[in-house]
file structure_15.cif (mmCIF, C-alpha atoms and all ligand atoms)
data_upload
#
loop_
_atom_site.label_atom_id
_atom_site.label_comp_id
_atom_site.auth_asym_id
_atom_site.auth_seq_id
_atom_site.Cartn_x
_atom_site.Cartn_y
_atom_site.Cartn_z
CA MET A 280 184.17 138.23 96.34
CA ILE A 281 187.31 136.15 96.32
CA GLU A 282 189.33 136.27 93.13
CA TYR A 283 190.01 132.96 91.45
CA THR A 284 191.22 131.43 88.23
CA LEU A 285 188.62 129.26 86.56
CA ILE A 286 189.62 126.18 84.59
CA ARG A 287 186.77 124.40 82.86
CA SER A 288 187.16 120.82 81.70
CA GLY A 289 185.26 117.61 81.09
CA ARG A 290 185.16 116.85 84.80
CA LYS A 291 181.82 116.21 86.51
CA THR A 292 182.39 117.90 89.85
CA ILE A 293 183.70 121.22 91.03
CA GLY A 294 187.05 121.35 92.81
CA MET A 295 189.34 123.93 94.27
CA GLN A 296 192.99 124.32 95.17
CA ILE A 297 195.35 126.99 96.40
CA LYS A 298 198.58 127.22 94.45
CA ASP A 299 201.30 129.84 94.88
CA GLY A 300 198.87 131.95 96.89
CA LYS A 301 196.21 131.85 94.17
CA VAL A 302 192.81 130.20 94.17
CA ILE A 303 192.18 127.82 91.28
CA VAL A 304 188.70 126.47 90.68
CA ARG A 305 188.14 123.54 88.35
CA ALA A 306 184.62 123.13 87.08
CA PRO A 307 182.57 121.22 84.50
CA MET A 308 182.16 122.88 81.10
CA ARG A 309 178.53 123.92 81.48
CA LEU A 310 178.31 124.77 85.17
CA PRO A 311 176.85 128.32 85.40
CA LYS A 312 179.17 131.03 86.68
CA ALA A 313 176.67 131.81 89.47
CA ALA A 314 176.97 128.25 90.80
CA ILE A 315 180.76 128.53 90.76
CA ASN A 316 180.64 131.86 92.58
CA ALA A 317 178.29 130.37 95.15
CA PHE A 318 180.70 127.47 95.68
CA VAL A 319 183.63 129.85 96.19
CA THR A 320 181.62 132.04 98.58
CA LYS A 321 180.54 129.00 100.58
CA HIS A 322 184.19 128.03 101.05
CA ALA A 323 185.43 131.55 101.75
CA ASP A 324 186.59 130.68 105.26
CA TRP A 325 188.56 127.69 104.03
CA ILE A 326 190.14 129.79 101.26
CA GLU A 327 191.07 132.63 103.57
CA ALA A 328 192.58 130.26 106.11
CA HIS A 329 194.70 128.62 103.43
CA LEU A 330 195.76 131.91 101.86
CA ALA A 331 196.75 133.21 105.29
CA LYS A 332 198.73 130.06 105.95
CA ALA A 333 200.49 130.39 102.59
CA ALA A 334 201.31 134.03 103.36
CA ALA A 335 202.60 133.11 106.82
CA GLY A 336 204.76 130.46 105.21
CA GLN A 337 206.76 133.14 103.43
CA SER A 338 208.03 133.84 106.90
CA LEU A 339 209.23 137.33 107.59
CA PRO A 340 212.05 137.59 110.13
CA LYS A 341 211.02 136.95 113.74
CA LEU A 342 210.89 139.98 115.97
CA THR A 343 213.27 140.09 118.92
CA GLU A 344 212.08 140.78 122.45
CA HIS A 345 213.63 144.23 122.12
CA GLU A 346 211.76 144.97 118.90
CA LEU A 347 208.47 143.78 120.41
CA ASN A 348 208.98 146.07 123.41
CA ALA A 349 209.69 148.97 121.07
CA LEU A 350 206.47 148.24 119.17
CA ALA A 351 204.52 148.13 122.43
CA GLU A 352 205.97 151.51 123.43
CA GLN A 353 205.06 152.95 120.05
CA ALA A 354 201.55 151.49 120.31
CA LYS A 355 201.06 153.13 123.72
CA GLN A 356 201.86 156.47 122.09
CA VAL A 357 199.72 156.00 119.00
CA ILE A 358 196.68 153.86 119.81
CA PRO A 359 195.05 155.86 122.66
CA ALA A 360 194.81 158.90 120.37
CA ARG A 361 193.17 156.85 117.62
CA VAL A 362 190.74 155.39 120.16
CA ALA A 363 189.85 158.86 121.48
CA HIS A 364 189.31 160.13 117.93
CA TYR A 365 186.93 157.36 116.88
CA ALA A 366 185.18 157.09 120.25
CA ALA A 367 184.15 160.73 119.82
CA MET A 368 182.92 160.03 116.27
CA LEU A 369 180.90 157.04 117.46
CA GLY A 370 179.73 158.70 120.64
CA VAL A 371 180.91 155.90 122.92
CA GLU A 372 182.87 155.75 126.16
CA TYR A 373 185.56 153.26 127.05
CA GLY A 374 187.69 152.12 129.94
CA ARG A 375 191.29 151.07 130.15
CA ILE A 376 193.47 150.54 127.06
CA THR A 377 195.94 147.66 127.29
CA ILE A 378 198.63 146.89 124.71
CA ARG A 379 199.86 143.32 124.38
CA THR A 380 201.74 141.11 121.99
CA GLN A 381 199.26 138.50 120.86
CA LYS A 382 199.42 135.66 118.43
CA THR A 383 195.73 135.15 117.81
CA ARG A 384 193.88 138.43 118.01
CA TRP A 385 194.21 142.07 117.01
CA GLY A 386 192.03 143.54 119.65
CA SER A 387 189.20 142.93 122.06
CA CYS A 388 186.63 144.83 124.02
CA SER A 389 185.33 143.66 127.38
CA SER A 390 181.75 144.09 128.52
CA LYS A 391 183.04 146.85 130.82
CA GLY A 392 184.55 148.68 127.87
CA ASN A 393 188.19 147.90 128.54
CA LEU A 394 190.09 147.71 125.27
CA ASN A 395 192.98 145.52 124.39
CA PHE A 396 195.14 145.94 121.28
CA ASN A 397 197.93 143.91 119.75
CA CYS A 398 201.21 145.84 119.50
CA LEU A 399 201.85 144.14 116.13
CA LEU A 400 199.26 146.52 114.69
CA MET A 401 202.10 149.02 114.56
CA LEU A 402 203.47 146.99 111.65
CA ALA A 403 200.20 147.29 109.73
CA PRO A 404 199.21 150.34 107.63
CA PRO A 405 197.63 153.10 109.80
CA GLU A 406 194.26 152.70 108.09
CA VAL A 407 194.26 149.03 109.10
CA LEU A 408 195.07 149.93 112.70
CA ASP A 409 192.15 152.37 112.63
CA SER A 410 189.81 149.67 111.38
CA VAL A 411 190.65 147.49 114.40
CA VAL A 412 190.09 150.47 116.71
CA VAL A 413 186.69 151.13 115.12
CA HIS A 414 185.76 147.44 115.29
CA GLU A 415 186.45 147.24 119.02
CA LEU A 416 184.75 150.56 119.76
CA CYS A 417 181.61 149.48 117.89
CA HIS A 418 181.38 146.63 120.40
CA ARG A 419 180.50 149.37 122.90
CA LYS A 420 177.21 149.57 121.01
CA HIS A 421 176.79 145.95 119.94
CA MET A 422 178.48 143.11 121.82
CA ASN A 423 178.21 140.87 118.74
CA HIS A 424 178.98 140.77 115.04
CA SER A 425 175.42 141.43 113.88
CA ALA A 426 174.37 143.37 110.80
CA ALA A 427 173.68 146.34 113.09
CA PHE A 428 177.27 146.12 114.37
CA TYR A 429 178.72 146.25 110.85
CA ALA A 430 176.31 149.03 109.88
CA GLU A 431 177.70 151.07 112.76
CA ILE A 432 181.26 150.44 111.55
CA ALA A 433 180.31 151.41 107.99
CA ARG A 434 178.80 154.63 109.23
CA VAL A 435 182.18 155.99 110.38
CA MET A 436 184.36 153.90 108.05
CA PRO A 437 182.61 153.12 104.76
CA ASP A 438 185.66 151.30 103.34
CA TYR A 439 186.20 149.03 106.34
CA LYS A 440 185.89 145.88 104.21
CA ALA A 441 189.00 146.69 102.22
CA ARG A 442 190.94 147.43 105.41
CA HIS A 443 189.71 144.19 106.93
CA ALA A 444 190.78 142.31 103.82
CA TRP A 445 194.34 143.52 104.36
CA LEU A 446 194.39 141.95 107.82
CA LYS A 447 192.87 138.72 106.55
CA GLN A 448 195.54 138.48 103.90
CA ASN A 449 198.56 139.67 105.86
CA GLY A 450 197.61 139.26 109.50
CA ALA A 451 198.80 135.69 109.97
CA ALA A 452 202.24 136.53 108.57
CA LEU A 453 202.48 139.46 110.97
CA MET A 454 201.50 137.39 113.98
CA ASN A 455 203.93 134.76 112.92
CA ARG A 456 206.72 137.28 113.41
CA ALA A 457 206.00 137.31 117.13
CA ALA A 458 205.85 133.53 117.47
CA ARG A 459 208.70 131.81 119.28
ZN ZN A 501 184.56 141.74 117.26
#
call {"tool": "encode", "arguments": {"input": "structure_15.cif", "output": "structure tokens", "more": "lines below"}}
Ligand SMILES: [Zn+2]
result
Amino acid sequence: MIEYTLIRSGRKTIGMQIKDGKVIVRAPMRLPKAAINAFVTKHADWIEAHLAKAAAGQSLPKLTEHELNALAEQAKQVIPARVAHYAAMLGVEYGRITIRTQKTRWGSCSSKGNLNFNCLLMLAPPEVLDSVVVHELCHRKHMNHSAAFYAEIARVMPDYKARHAWLKQNGAALMNRAAR
């Protein structure tokens, strides 16, 4: 559930805005809380996109080419070991591991099992990096984002939602650091 500040007033419709990185919902006096929660849930994608944009706006310093290369080197040392660890837990095999600087994705898994990870993950907390590793490895079992896919993730990483939330909140700002 997304956290929000509720302001009730004499208005007739429900409205929402993002201000200083916070979600403010304005609603009629008598509108049930369940209806307000449903409204917020329905617009979760919109809210997350705007919160991410707001976070990215507080731009952290851009990374230099040298810093990006150093991150990629670090990632090549760290990520394969994390992949091996979780692949064993999940009982899956995988192919090549490629590290790249990417501005739109954290990782991917091809149908052949080749894995691709963003070197910017080295700037995220280790538990967040692990959650991306587990996500991609679970695609070895399910090439989709079905309930079965998420059940498989939860089996080895019960708190994956909280880790994912970190990326949703801070990911755009991180990727922005690699933008030219
Ligand atoms: Zn996926």
call {"tool": "residues_around", "arguments": {"input": "structure_15.cif", "residues": "segment 338-343 of chain A", "least_positions_apart": "6", "cutoff": "8 Å", "atoms": "all atoms listed in the file", "output": "list in words"}}
result
Ala452, Leu453, Asn455, Arg456, Ala457, Ala458 and Arg459 of chain A
call {"tool": "write_last_selection", "arguments": {"input": "structure_15.cif", "atoms": "C-alpha atoms", "output": "compact mmCIF listing (two decimals), in the coordinates of the input"}}
result
# COMPACT_ATOMS: atom_id res chain seq x y z
CA ALA A 452 202.24 136.53 108.57
CA LEU A 453 202.48 139.46 110.97
CA ASN A 455 203.93 134.76 112.92
CA ARG A 456 206.72 137.28 113.41
CA ALA A 457 206.00 137.31 117.13
CA ALA A 458 205.85 133.53 117.47
CA ARG A 459 208.70 131.81 119.28
call {"tool": "closest_atom_pairs", "arguments": {"input": "structure_15.cif", "of": "chain A", "to": "ligand ZN 501 (chain A)", "cutoff": "12 Å", "atoms": "all atoms listed in the file", "output": "JSON lines"}}
result
{"residue": "A:Arg384", "atom": "CA", "partner": "A:ZN501", "partner_atom": "ZN", "distance": 9.9}
{"residue": "A:Trp385", "atom": "CA", "partner": "A:ZN501", "partner_atom": "ZN", "distance": 9.7}
{"residue": "A:Gly386", "atom": "CA", "partner": "A:ZN501", "partner_atom": "ZN", "distance": 8.0}
{"residue": "A:Ser387", "atom": "CA", "partner": "A:ZN501", "partner_atom": "ZN", "distance": 6.8}
{"residue": "A:Cys388", "atom": "CA", "partner": "A:ZN501", "partner_atom": "ZN", "distance": 7.7}
{"residue": "A:Ser389", "atom": "CA", "partner": "A:ZN501", "partner_atom": "ZN", "distance": 10.3}
{"residue": "A:Ser390", "atom": "CA", "partner": "A:ZN501", "partner_atom": "ZN", "distance": 11.8}
{"residue": "A:Leu394", "atom": "CA", "partner": "A:ZN501", "partner_atom": "ZN", "distance": 11.4}
{"residue": "A:Asn395", "atom": "CA", "partner": "A:ZN501", "partner_atom": "ZN", "distance": 11.7}
{"residue": "A:Ser410", "atom": "CA", "partner": "A:ZN501", "partner_atom": "ZN", "distance": 11.2}
{"residue": "A:Val411", "atom": "CA", "partner": "A:ZN501", "partner_atom": "ZN", "distance": 8.9}
{"residue": "A:Val412", "atom": "CA", "partner": "A:ZN501", "partner_atom": "ZN", "distance": 10.3}
{"residue": "A:Val413", "atom": "CA", "partner": "A:ZN501", "partner_atom": "ZN", "distance": 9.9}
{"residue": "A:His414", "atom": "CA", "partner": "A:ZN501", "partner_atom": "ZN", "distance": 6.1}
{"residue": "A:Glu415", "atom": "CA", "partner": "A:ZN501", "partner_atom": "ZN", "distance": 6.1}
{"residue": "A:Leu416", "atom": "CA", "partner": "A:ZN501", "partner_atom": "ZN", "distance": 9.2}
{"residue": "A:Cys417", "atom": "CA", "partner": "A:ZN501", "partner_atom": "ZN", "distance": 8.3}
{"residue": "A:His418", "atom": "CA", "partner": "A:ZN501", "partner_atom": "ZN", "distance": 6.6}
{"residue": "A:Arg419", "atom": "CA", "partner": "A:ZN501", "partner_atom": "ZN", "distance": 10.3}
{"residue": "A:Lys420", "atom": "CA", "partner": "A:ZN501", "partner_atom": "ZN", "distance": 11.4}
{"residue": "A:His421", "atom": "CA", "partner": "A:ZN501", "partner_atom": "ZN", "distance": 9.2}
{"residue": "A:Met422", "atom": "CA", "partner": "A:ZN501", "partner_atom": "ZN", "distance": 7.7}
{"residue": "A:Asn423", "atom": "CA", "partner": "A:ZN501", "partner_atom": "ZN", "distance": 6.6}
{"residue": "A:His424", "atom": "CA", "partner": "A:ZN501", "partner_atom": "ZN", "distance": 6.1}
{"residue": "A:Ser425", "atom": "CA", "partner": "A:ZN501", "partner_atom": "ZN", "distance": 9.7}
{"residue": "A:Phe428", "atom": "CA", "partner": "A:ZN501", "partner_atom": "ZN", "distance": 9.0}
{"residue": "A:Tyr429", "atom": "CA", "partner": "A:ZN501", "partner_atom": "ZN", "distance": 9.8}
{"residue": "A:Ile432", "atom": "CA", "partner": "A:ZN501", "partner_atom": "ZN", "distance": 10.9}
{"residue": "A:His443", "atom": "CA", "partner": "A:ZN501", "partner_atom": "ZN", "distance": 11.8}
call {"tool": "closest_residue", "arguments": {"input": "structure_15.cif", "among": "A:Val435, A:Ala349, A:Ala430, A:Cys398", "to": "Ala367 of chain A", "atoms": "all atoms listed in the file"}}
result
A:Val435
call {"tool": "residues_around", "arguments": {"input": "structure_15.cif", "residues": "Asn348 of chain A", "least_positions_apart": "2", "cutoff": "12 Å", "atoms": "all atoms listed in the file", "output": "PDB file with C-alpha atoms, keeping the file's coordinate frame"}}
result
ATOM      1  CA  LEU A 342     210.890 139.980 115.970  1.00  0.00           C
ATOM      2  CA  THR A 343     213.270 140.090 118.920  1.00  0.00           C
ATOM      3  CA  GLU A 344     212.080 140.780 122.450  1.00  0.00           C
ATOM      4  CA  HIS A 345     213.630 144.230 122.120  1.00  0.00           C
ATOM      5  CA  GLU A 346     211.760 144.970 118.900  1.00  0.00           C
ATOM      6  CA  LEU A 350     206.470 148.240 119.170  1.00  0.00           C
ATOM      7  CA  ALA A 351     204.520 148.130 122.430  1.00  0.00           C
ATOM      8  CA  GLU A 352     205.970 151.510 123.430  1.00  0.00           C
ATOM      9  CA  GLN A 353     205.060 152.950 120.050  1.00  0.00           C
ATOM     10  CA  ALA A 354     201.550 151.490 120.310  1.00  0.00           C
ATOM     11  CA  LYS A 355     201.060 153.130 123.720  1.00  0.00           C
ATOM     12  CA  ILE A 378     198.630 146.890 124.710  1.00  0.00           C
ATOM     13  CA  ARG A 379     199.860 143.320 124.380  1.00  0.00           C
ATOM     14  CA  THR A 380     201.740 141.110 121.990  1.00  0.00           C
ATOM     15  CA  ASN A 397     197.930 143.910 119.750  1.00  0.00           C
ATOM     16  CA  CYS A 398     201.210 145.840 119.500  1.00  0.00           C
ATOM     17  CA  LEU A 399     201.850 144.140 116.130  1.00  0.00           C
ATOM     18  CA  MET A 401     202.100 149.020 114.560  1.00  0.00           C
ATOM     19  CA  ALA A 457     206.000 137.310 117.130  1.00  0.00           C
TER      20      ALA A 457
END
call {"tool": "atom_distance", "arguments": {"input": "structure_15.cif", "atom1": "atom CA of Leu310 of chain A", "atom2": "atom CA of Trp325 of chain A"}}
result
21.7 Å
call {"tool": "closest_residue", "arguments": {"input": "structure_15.cif", "among": "A:Ala444, A:Leu285, A:Glu431, A:Ile303", "to": "Met368 of chain A", "atoms": "all atoms listed in the file"}}
result
A:Glu431
call {"tool": "residues_around", "arguments": {"input": "structure_15.cif", "residues": "Pro307 of chain A", "least_positions_apart": "4", "cutoff": "7 Å", "atoms": "all atoms listed in the file", "output": "list in words"}}
result
Arg287, Ser288, Gly289, Arg290, Lys291, Thr292 and Ile293 of chain A
call {"tool": "closest_residue", "arguments": {"input": "structure_15.cif", "among": "A:Ala426, A:Phe396, A:Tyr439, A:Ala360", "to": "Ile376 of chain A", "atoms": "only C-alpha atoms"}}
result
A:Phe396
call {"tool": "closest_residue", "arguments": {"input": "structure_15.cif", "among": "A:Val362, A:Ala331, A:Val302, A:Val371", "to": "Trp445 of chain A", "atoms": "all atoms listed in the file"}}
result
A:Ala331
call {"tool": "residues_around", "arguments": {"input": "structure_15.cif", "residues": "Ala334 of chain A", "least_positions_apart": "3", "cutoff": "9 Å", "atoms": "only C-alpha atoms", "output": "list in words"}}
result
Gly300, His329, Leu330, Ala331, Gln337, Ser338, Gln448, Asn449, Gly450, Ala451 and Ala452 of chain A
call {"tool": "atom_distance", "arguments": {"input": "structure_15.cif", "atom1": "atom CA of Val304 of chain A", "atom2": "atom CA of Ala333 of chain A"}}
result
17.2 Å
call {"tool": "atom_distance", "arguments": {"input": "structure_15.cif", "atom1": "atom CA of Lys301 of chain A", "atom2": "atom CA of Ala317 of chain A"}}
result
18.0 Å
call {"tool": "closest_residue", "arguments": {"input": "structure_15.cif", "among": "A:Arg434, A:Lys298, A:Arg375, A:Arg305", "to": "Ala363 of chain A", "atoms": "only C-alpha atoms"}}
result
A:Arg375
call {"tool": "residues_around", "arguments": {"input": "structure_15.cif", "residues": "segment 319-321 of chain A", "least_positions_apart": "3", "cutoff": "10 Å", "atoms": "only C-alpha atoms", "output": "list in words"}}
result
Met280, Ile281, Glu282, Tyr283, Gly294, Met295, Val302, Val304, Ala313, Ala314, Ile315, Asn316, Asp324, Trp325 and Ile326 of chain A
call {"tool": "write_last_selection", "arguments": {"input": "structure_15.cif", "atoms": "C-alpha atoms", "output": "CSV table (one decimal), in the coordinates of the input"}}
result
chain,number,residue,atom,x,y,z
A,280,MET,CA,184.2,138.2,96.3
A,281,ILE,CA,187.3,136.2,96.3
A,282,GLU,CA,189.3,136.3,93.1
A,283,TYR,CA,190.0,133.0,91.4
A,294,GLY,CA,187.0,121.4,92.8
A,295,MET,CA,189.3,123.9,94.3
A,302,VAL,CA,192.8,130.2,94.2
A,304,VAL,CA,188.7,126.5,90.7
A,313,ALA,CA,176.7,131.8,89.5
A,314,ALA,CA,177.0,128.2,90.8
A,315,ILE,CA,180.8,128.5,90.8
A,316,ASN,CA,180.6,131.9,92.6
A,324,ASP,CA,186.6,130.7,105.3
A,325,TRP,CA,188.6,127.7,104.0
A,326,ILE,CA,190.1,129.8,101.3
call {"tool": "closest_residue", "arguments": {"input": "structure_15.cif", "among": "A:Glu327, A:Met436, A:Met454, A:Val407", "to": "Thr383 of chain A", "atoms": "all atoms listed in the file"}}
result
A:Met454
call {"tool": "axis_aligned_box", "arguments": {"input": "structure_15.cif", "around": "segment 388-400 of chain A", "padding_each_side": "6 Å", "output": "lines of an AutoDock Vina configuration file"}}
result
center_x = 191.8
center_y = 146.2
center_z = 122.8
size_x = 32.1
size_y = 17.0
size_z = 28.1
